[in-house]
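Structure data follow from protein-v6.cif (mmCIF, C-alpha atoms):
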data_work
loop_
_atom_site.group_PDB
_atom_site.id
_atom_site.type_symbol
_atom_site.label_atom_id
_atom_site.label_comp_id
_atom_site.auth_asym_id
_atom_site.auth_seq_id
_atom_site.Cartn_x
_atom_site.Cartn_y
_atom_site.Cartn_z
ATOM 1 C CA MET H 5 96.568 186.449 298.628
ATOM 2 C CA VAL H 6 100.087 185.820 299.905
ATOM 3 C CA LYS H 7 100.195 184.435 303.381
ATOM 4 C CA ARG H 8 102.066 186.356 306.134
ATOM 5 C CA PRO H 9 104.729 183.612 306.792
ATOM 6 C CA THR H 10 105.621 183.662 303.109
ATOM 7 C CA ILE H 11 106.088 187.431 303.158
ATOM 8 C CA VAL H 12 108.327 187.201 306.255
ATOM 9 C CA LEU H 13 110.407 184.480 304.616
ATOM 10 C CA LEU H 14 110.877 186.557 301.473
ATOM 11 C CA VAL H 15 111.962 189.577 303.531
ATOM 12 C CA VAL H 16 114.512 187.513 305.475
ATOM 13 C CA LEU H 17 115.856 186.019 302.261
ATOM 14 C CA ALA H 18 116.218 189.477 300.727
ATOM 15 C CA LEU H 19 118.132 190.693 303.796
ATOM 16 C CA VAL H 20 120.491 187.725 303.667
ATOM 17 C CA VAL H 21 121.193 188.231 299.963
ATOM 18 C CA GLY H 22 121.738 191.963 300.481
ATOM 19 C CA ALA H 23 124.114 191.358 303.394
ATOM 20 C CA TYR H 24 126.113 188.917 301.281
ATOM 21 C CA PHE H 25 126.721 191.476 298.555
ATOM 22 C CA VAL H 26 127.566 194.224 301.060
ATOM 23 C CA ILE H 27 130.175 192.032 302.786
ATOM 24 C CA LYS H 28 131.625 190.921 299.462
ATOM 25 C CA SER H 29 132.083 194.481 298.206
ATOM 26 C CA HIS H 30 133.201 195.941 301.570
ATOM 27 C CA PRO H 31 135.139 193.310 303.530
ATOM 28 C CA PHE H 32 135.765 193.927 307.205
ATOM 29 C CA ASN H 33 139.072 195.610 308.053
ATOM 30 C CA THR H 34 140.724 193.156 310.405
ATOM 31 C CA SER H 35 144.130 194.805 310.559
ATOM 32 C CA GLY H 36 143.613 197.356 313.292
ATOM 33 C CA ALA H 37 146.427 197.158 315.824
ATOM 34 C CA SER H 38 146.921 193.449 315.343
ATOM 35 C CA PRO H 39 150.206 192.325 313.789
ATOM 36 C CA THR H 40 150.222 190.562 310.457
ATOM 37 C CA ALA H 41 152.055 187.252 310.617
ATOM 38 C CA THR H 42 154.204 186.099 307.745
ATOM 39 C CA SER H 43 156.273 182.974 307.272
ATOM 40 C CA SER H 44 158.175 183.427 304.024
ATOM 41 C CA SER H 45 159.357 187.050 303.786
ATOM 42 C CA TYR H 46 162.946 188.178 304.198
ATOM 43 C CA LEU H 47 164.075 191.654 305.143
ATOM 44 C CA ILE H 48 166.912 191.838 302.601
ATOM 45 C CA THR H 49 166.462 190.591 299.052
ATOM 46 C CA SER H 50 168.657 190.090 295.984
ATOM 47 C CA ALA H 51 167.251 193.340 294.590
ATOM 48 C CA ASP H 52 169.392 195.218 297.131
ATOM 49 C CA GLY H 53 172.576 194.004 295.469
ATOM 50 C CA VAL H 54 175.770 192.504 296.857
ATOM 51 C CA LEU H 55 176.690 193.441 300.413
ATOM 52 C CA GLN H 56 179.752 195.699 300.582
ATOM 53 C CA SER H 57 179.883 196.673 304.239
ATOM 54 C CA LEU H 58 178.279 195.706 307.522
ATOM 55 C CA ARG H 59 178.527 197.876 310.616
ATOM 56 C CA ILE H 60 177.055 197.167 314.041
ATOM 57 C CA ASP H 61 176.971 199.597 316.976
ATOM 58 C CA ASP H 62 175.535 198.929 320.411
ATOM 59 C CA ASN H 63 174.391 201.475 322.975
ATOM 60 C CA GLN H 64 177.516 200.857 325.058
ATOM 61 C CA GLY H 65 179.815 202.371 322.453
ATOM 62 C CA HIS H 66 181.074 199.115 320.922
ATOM 63 C CA THR H 67 181.470 198.921 317.141
ATOM 64 C CA VAL H 68 182.377 196.253 314.627
ATOM 65 C CA MET H 69 182.600 196.824 310.889
ATOM 66 C CA ILE H 70 183.592 194.587 308.004
ATOM 67 C CA GLN H 71 183.838 195.668 304.388
ATOM 68 C CA ARG H 72 185.150 194.544 301.014
ATOM 69 C CA ASP H 73 188.430 196.018 299.869
ATOM 70 C CA PRO H 74 189.024 197.018 296.196
ATOM 71 C CA SER H 75 189.825 193.389 295.374
ATOM 72 C CA LYS H 76 186.470 192.298 296.882
ATOM 73 C CA VAL H 77 188.154 190.612 299.845
ATOM 74 C CA TRP H 78 186.559 191.024 303.264
ATOM 75 C CA VAL H 79 188.556 192.991 305.827
ATOM 76 C CA VAL H 80 187.803 194.090 309.371
ATOM 77 C CA ALA H 81 187.667 197.897 309.531
ATOM 78 C CA LYS H 82 186.670 198.187 313.205
ATOM 79 C CA PRO H 83 187.516 197.825 316.033
ATOM 80 C CA THR H 84 191.065 197.100 314.803
ATOM 81 C CA PRO H 85 191.821 197.095 311.063
ATOM 82 C CA ALA H 86 193.017 193.676 309.964
ATOM 83 C CA GLU H 87 192.476 190.911 307.484
ATOM 84 C CA ALA H 88 189.176 189.072 307.983
ATOM 85 C CA ASP H 89 188.538 185.372 308.080
ATOM 86 C CA GLN H 90 186.796 185.015 304.709
ATOM 87 C CA SER H 91 184.568 182.121 305.784
ATOM 88 C CA LEU H 92 183.340 183.946 308.896
ATOM 89 C CA ALA H 93 182.758 187.187 306.994
ATOM 90 C CA GLY H 94 180.954 185.261 304.272
ATOM 91 C CA ALA H 95 178.766 183.604 306.895
ATOM 92 C CA ALA H 96 177.801 187.050 308.215
ATOM 93 C CA GLU H 97 176.901 188.140 304.681
ATOM 94 C CA THR H 98 174.739 185.043 304.250
ATOM 95 C CA GLN H 99 173.018 185.745 307.561
ATOM 96 C CA VAL H 100 172.113 189.262 306.423
ATOM 97 C CA GLY H 101 170.188 187.755 303.523
ATOM 98 C CA ALA H 102 168.496 185.257 305.828
ATOM 99 C CA LEU H 103 166.909 187.761 308.228
ATOM 100 C CA GLN H 104 163.355 186.477 308.310
ATOM 101 C CA ILE H 105 160.328 188.672 308.941
ATOM 102 C CA LEU H 106 158.070 186.929 311.457
ATOM 103 C CA THR H 107 155.568 189.740 311.940
ATOM 104 C CA ILE H 108 154.732 193.088 310.365
ATOM 105 C CA LEU H 109 153.346 195.581 312.875
ATOM 106 C CA ASP H 110 150.446 197.416 311.256
ATOM 107 C CA THR H 111 150.562 200.237 313.783
ATOM 108 C CA THR H 112 153.544 201.763 315.537
ATOM 109 C CA PRO H 113 153.517 201.012 319.263
ATOM 110 C CA ASP H 114 155.180 203.163 321.890
ATOM 111 C CA LEU H 115 158.864 202.801 321.028
ATOM 112 C CA SER H 116 160.005 202.723 324.650
ATOM 113 C CA THR H 117 157.876 199.654 325.337
ATOM 114 C CA ILE H 118 159.594 197.651 322.592
ATOM 115 C CA GLY H 119 163.141 198.780 323.307
ATOM 116 C CA LEU H 120 163.545 201.203 320.421
ATOM 117 C CA ASP H 121 163.806 204.469 322.350
ATOM 118 C CA PRO H 122 166.753 204.317 322.105
ATOM 119 C CA PRO H 123 167.545 201.099 320.229
ATOM 120 C CA ALA H 124 169.855 198.584 321.866
ATOM 121 C CA ASP H 125 171.811 198.003 318.654
ATOM 122 C CA THR H 126 172.039 199.517 315.182
ATOM 123 C CA ILE H 127 172.986 197.565 312.053
ATOM 124 C CA GLN H 128 173.968 199.476 308.914
ATOM 125 C CA LEU H 129 174.215 197.766 305.529
ATOM 126 C CA THR H 130 175.677 199.104 302.286
ATOM 127 C CA PHE H 131 175.317 197.340 298.926
ATOM 128 C CA ASP H 132 177.124 197.657 295.607
ATOM 129 C CA SER H 133 173.912 199.051 294.110
ATOM 130 C CA GLY H 134 174.285 202.117 296.323
ATOM 131 C CA ILE H 135 171.349 201.024 298.507
ATOM 132 C CA GLN H 136 171.813 201.475 302.230
ATOM 133 C CA HIS H 137 169.661 200.044 304.999
ATOM 134 C CA LYS H 138 169.513 200.778 308.700
ATOM 135 C CA LEU H 139 168.147 198.289 311.219
ATOM 136 C CA GLU H 140 167.434 199.530 314.733
ATOM 137 C CA VAL H 141 167.179 196.552 317.058
ATOM 138 C CA GLY H 142 164.965 196.719 320.126
ATOM 139 C CA ALA H 143 163.755 194.242 322.698
ATOM 140 C CA LEU H 144 162.832 190.608 322.347
ATOM 141 C CA THR H 145 159.145 189.846 321.933
ATOM 142 C CA PRO H 146 157.301 188.378 324.950
ATOM 143 C CA THR H 147 157.664 184.914 323.401
ATOM 144 C CA SER H 148 161.394 185.510 322.685
ATOM 145 C CA SER H 149 160.850 184.374 319.110
ATOM 146 C CA GLY H 150 162.205 187.566 317.594
ATOM 147 C CA TYR H 151 163.384 191.138 318.042
ATOM 148 C CA TYR H 152 161.429 194.302 317.350
ATOM 149 C CA VAL H 153 163.303 196.010 314.497
ATOM 150 C CA ARG H 154 162.658 199.402 312.908
ATOM 151 C CA PHE H 155 163.698 199.294 309.268
ATOM 152 C CA ASP H 156 165.058 202.462 307.668
ATOM 153 C CA GLY H 157 163.432 204.591 310.345
ATOM 154 C CA ALA H 158 159.906 203.594 309.316
ATOM 155 C CA GLN H 159 158.286 200.135 309.313
ATOM 156 C CA ILE H 160 158.576 198.002 312.427
ATOM 157 C CA TYR H 161 158.964 194.249 312.112
ATOM 158 C CA VAL H 162 159.590 191.283 314.332
ATOM 159 C CA ILE H 163 162.739 189.632 312.950
ATOM 160 C CA SER H 164 163.862 186.122 313.842
ATOM 161 C CA GLN H 165 165.825 186.039 317.079
ATOM 162 C CA SER H 166 168.479 183.615 315.839
ATOM 163 C CA GLY H 167 169.226 185.729 312.769
ATOM 164 C CA ILE H 168 169.741 188.945 314.724
ATOM 165 C CA ASP H 169 171.792 187.209 317.422
ATOM 166 C CA SER H 170 174.127 185.744 314.792
ATOM 167 C CA LEU H 171 174.980 189.262 313.636
ATOM 168 C CA LEU H 172 175.172 190.830 317.102
ATOM 169 C CA ASN H 173 177.686 188.163 318.117
ATOM 170 C CA LEU H 174 180.161 189.923 315.821
ATOM 171 C CA LEU H 175 180.419 192.690 318.433
ATOM 172 C CA THR H 176 182.160 190.347 320.854
ATOM 173 C CA ALA H 177 183.734 188.067 318.251
ATOM 174 C CA PRO H 178 184.842 190.038 315.159
ATOM 175 C CA PRO H 179 185.740 187.746 312.234
ATOM 176 C CA TYR H 180 189.488 187.908 312.653
ATOM 177 C CA PRO H 181 191.518 184.933 311.382
ATOM 178 C CA ALA H 182 192.182 182.338 314.031
ATOM 179 C CA THR H 183 195.616 182.703 315.599
ATOM 180 C CA ALA H 184 197.695 179.574 315.198
ATOM 181 C CA THR H 185 198.315 177.883 318.536
ATOM 182 C CA PRO H 186 202.072 177.759 319.163
ATOM 183 C CA VAL H 187 203.524 174.272 319.579
ATOM 184 C CA PHE H 188 205.805 174.031 322.561
ATOM 185 C CA THR H 189 208.607 171.452 322.444
ATOM 186 C CA GLU H 190 210.294 170.409 325.611
ATOM 187 C CA THR H 191 213.877 171.656 325.773
ATOM 188 C CA PRO H 192 216.202 168.963 327.118
ATOM 189 C CA ALA H 193 217.763 169.837 330.405
ATOM 190 C CA GLU H 194 221.366 170.863 330.146
ATOM 191 C CA THR H 195 223.915 168.577 331.809
ATOM 192 C CA PRO H 196 225.942 170.653 334.243
ATOM 193 C CA THR H 197 229.671 170.788 333.402
ATOM 194 C CA PRO H 198 231.787 169.882 336.437
ATOM 195 C CA GLU H 199 234.130 172.646 337.501
ATOM 196 C CA ALA H 200 237.877 171.941 337.671
ATOM 197 C CA ALA H 201 239.036 171.321 341.203
ATOM 198 C CA THR H 202 241.234 174.067 342.640
ATOM 199 C CA PRO H 203 244.370 172.543 344.206
ATOM 200 C CA THR H 204 244.584 173.024 347.952
ATOM 201 C CA VAL H 205 247.935 174.117 349.405
ATOM 202 C CA SER H 206 248.559 173.055 352.952
ATOM 203 C CA ALA H 207 250.033 175.443 355.494
ATOM 204 C CA THR H 208 253.243 173.342 355.771
ATOM 205 C CA GLN H 209 253.835 173.435 352.047
ATOM 206 C CA ALA H 210 253.258 177.163 351.962
ATOM 207 C CA THR H 211 255.828 177.639 354.721
ATOM 208 C CA GLU H 212 258.420 175.453 353.004
ATOM 209 C CA THR H 213 257.902 177.305 349.769
ATOM 210 C CA ALA H 214 258.367 180.644 351.416
ATOM 211 C CA THR H 215 261.632 179.590 353.244
ATOM 212 C CA PRO H 216 264.816 180.035 351.113
#

Represent the structure contained in this file as structure tokens.
Amino acid sequence: MVKRPTIVLLVVLALVVGAYFVIKSHPFNTSGASPTATSSSYLITSADGVLQSLRIDDNQGHTVMIQRDPSKVWVVAKPTPAEADQSLAGAAETQVGALQILTILDTTPDLSTIGLDPPADTIQLTFDSGIQHKLEVGALTPTSSGYYVRFDGAQIYVISQSGIDSLLNLLTAPPYPATATPVFTETPAETPTPEAATPTVSATQATETATP
């Protein structure tokens, strides 16, 4: 006859084994409303192609746009068309590819609470592959580590603050070539030329001259 403690032990063991297999086949869903952190993902990848144009608009009506001309040289299209500083434009292109995803929001929060209704800034990207992307930039996160960004009108991410700021700075500092500082040389002072003295005629001489 099997003793009662042995039966209880066998039942407990069976429950533990059964729970193990249930958990293994149906893991708990831990996503919920919690964000998923990531440390190595980038918003733009090489699969998008080579950047052809970058446009940034803010909600105050300011716009900056740079694009490649037919010879693949960067030019400033807005606010005032002009040649672009190639190193500054190239740095902006590099920064586009370095936009790091800090967090992926699994659920969409109220857009007004994260500064996306309406967005503070909008970044539009066009690539030589024909791919276009739209980044709507909202508020900084509570820790100020990144901005809430809606990508192509759908997924919301937290993107590194430094990366977004580097692009938004183009609104106030478009990549125009630096204007050469004029060199002023001191002009020597001119030496005044003395005026010829006008002869003075005395009253006596004038009288004598007038008398025949």

Residues picked by the PyMOL selection byres ((chain H and resi 144) around 12) here, as a PDB file with C-alpha atoms, in the coordinates of the input?
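The resulting file, result.pdb, is reproduced below:
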ATOM      1  CA  THR H 117     157.876 199.654 325.337  1.00  0.00           C
ATOM      2  CA  ILE H 118     159.594 197.651 322.592  1.00  0.00           C
ATOM      3  CA  GLY H 119     163.141 198.780 323.307  1.00  0.00           C
ATOM      4  CA  LEU H 120     163.545 201.203 320.421  1.00  0.00           C
ATOM      5  CA  PRO H 123     167.545 201.099 320.229  1.00  0.00           C
ATOM      6  CA  ALA H 124     169.855 198.584 321.866  1.00  0.00           C
ATOM      7  CA  VAL H 141     167.179 196.552 317.058  1.00  0.00           C
ATOM      8  CA  GLY H 142     164.965 196.719 320.126  1.00  0.00           C
ATOM      9  CA  ALA H 143     163.755 194.242 322.698  1.00  0.00           C
ATOM     10  CA  THR H 145     159.145 189.846 321.933  1.00  0.00           C
ATOM     11  CA  PRO H 146     157.301 188.378 324.950  1.00  0.00           C
ATOM     12  CA  THR H 147     157.664 184.914 323.401  1.00  0.00           C
ATOM     13  CA  SER H 148     161.394 185.510 322.685  1.00  0.00           C
ATOM     14  CA  SER H 149     160.850 184.374 319.110  1.00  0.00           C
ATOM     15  CA  GLY H 150     162.205 187.566 317.594  1.00  0.00           C
ATOM     16  CA  TYR H 151     163.384 191.138 318.042  1.00  0.00           C
ATOM     17  CA  TYR H 152     161.429 194.302 317.350  1.00  0.00           C
ATOM     18  CA  VAL H 153     163.303 196.010 314.497  1.00  0.00           C
ATOM     19  CA  TYR H 161     158.964 194.249 312.112  1.00  0.00           C
ATOM     20  CA  VAL H 162     159.590 191.283 314.332  1.00  0.00           C
ATOM     21  CA  ILE H 163     162.739 189.632 312.950  1.00  0.00           C
ATOM     22  CA  SER H 164     163.862 186.122 313.842  1.00  0.00           C
ATOM     23  CA  GLN H 165     165.825 186.039 317.079  1.00  0.00           C
ATOM     24  CA  SER H 166     168.479 183.615 315.839  1.00  0.00           C
ATOM     25  CA  ILE H 168     169.741 188.945 314.724  1.00  0.00           C
ATOM     26  CA  ASP H 169     171.792 187.209 317.422  1.00  0.00           C
TER      27      ASP H 169
END

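Under the PyMOL selection byres ((chain H and resi 86) around 12), the matching residues in the shown file are Val68, Met69, Ile70, Gln71, Arg72, Asp73, Val77, Trp78, Val79, Val80, Ala81, Lys82, Pro83, Thr84, Pro85, Glu87, Ala88, Asp89, Gln90, Pro178, Pro179, Tyr180 and Pro181 of chain H.
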
Selection result for the PyMOL selection byres ((chain H and resi 128) around 7) on this file, as a ChimeraX atom specification: /H:58-60,126-127,129-130,137-139

Interatomic distance (Å, one decimal) between CA of His66 in chain H and CA of Gly134 in chain H: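 For CA of His66 in chain H relative to CA of Gly134 in chain H, the distance reads 25.7 Å.
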
Close residues, range 45-55 of chain H itself excluded, 7 Å, all atoms listed in the file, min 2 positions apart in chain, as a PyMOL selection string: chain H and resi 42-43+57+97+100-105+130-133+135

For Gln56 in chain H, the nearest of the candidates H:Gln136, H:Thr107, H:Leu92, H:Asp114, counting all atoms listed in the file: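 Of the candidates, the smallest distance to Gln56 in chain H is held by H:Gln136.
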
Point-to-point distance in Å for CA of Ile160 in chain H and CA of Thr111 in chain H: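 Straight-line distance from CA of Thr111 in chain H to CA of Ile160 in chain H works out to 8.4 Å.
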
Using all atoms listed in the file: which of H:Ala93, H:Lys76, H:Leu171, H:Ala158 has the shortest distance to Leu115 in chain H: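 Selected residue with least distance to Leu115 in chain H: H:Ala158.
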
Best match for closeness to Pro113 in chain H among H:Pro74, H:Gln159, H:Gln64, H:Ala95, counting only C-alpha atoms: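 Of the candidates, the smallest distance to Pro113 in chain H is held by H:Gln159.
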
Distance of CA of Thr67 in chain H from CA of Leu174 in chain H, expressed in Å to one decimal place: 9.2 Å
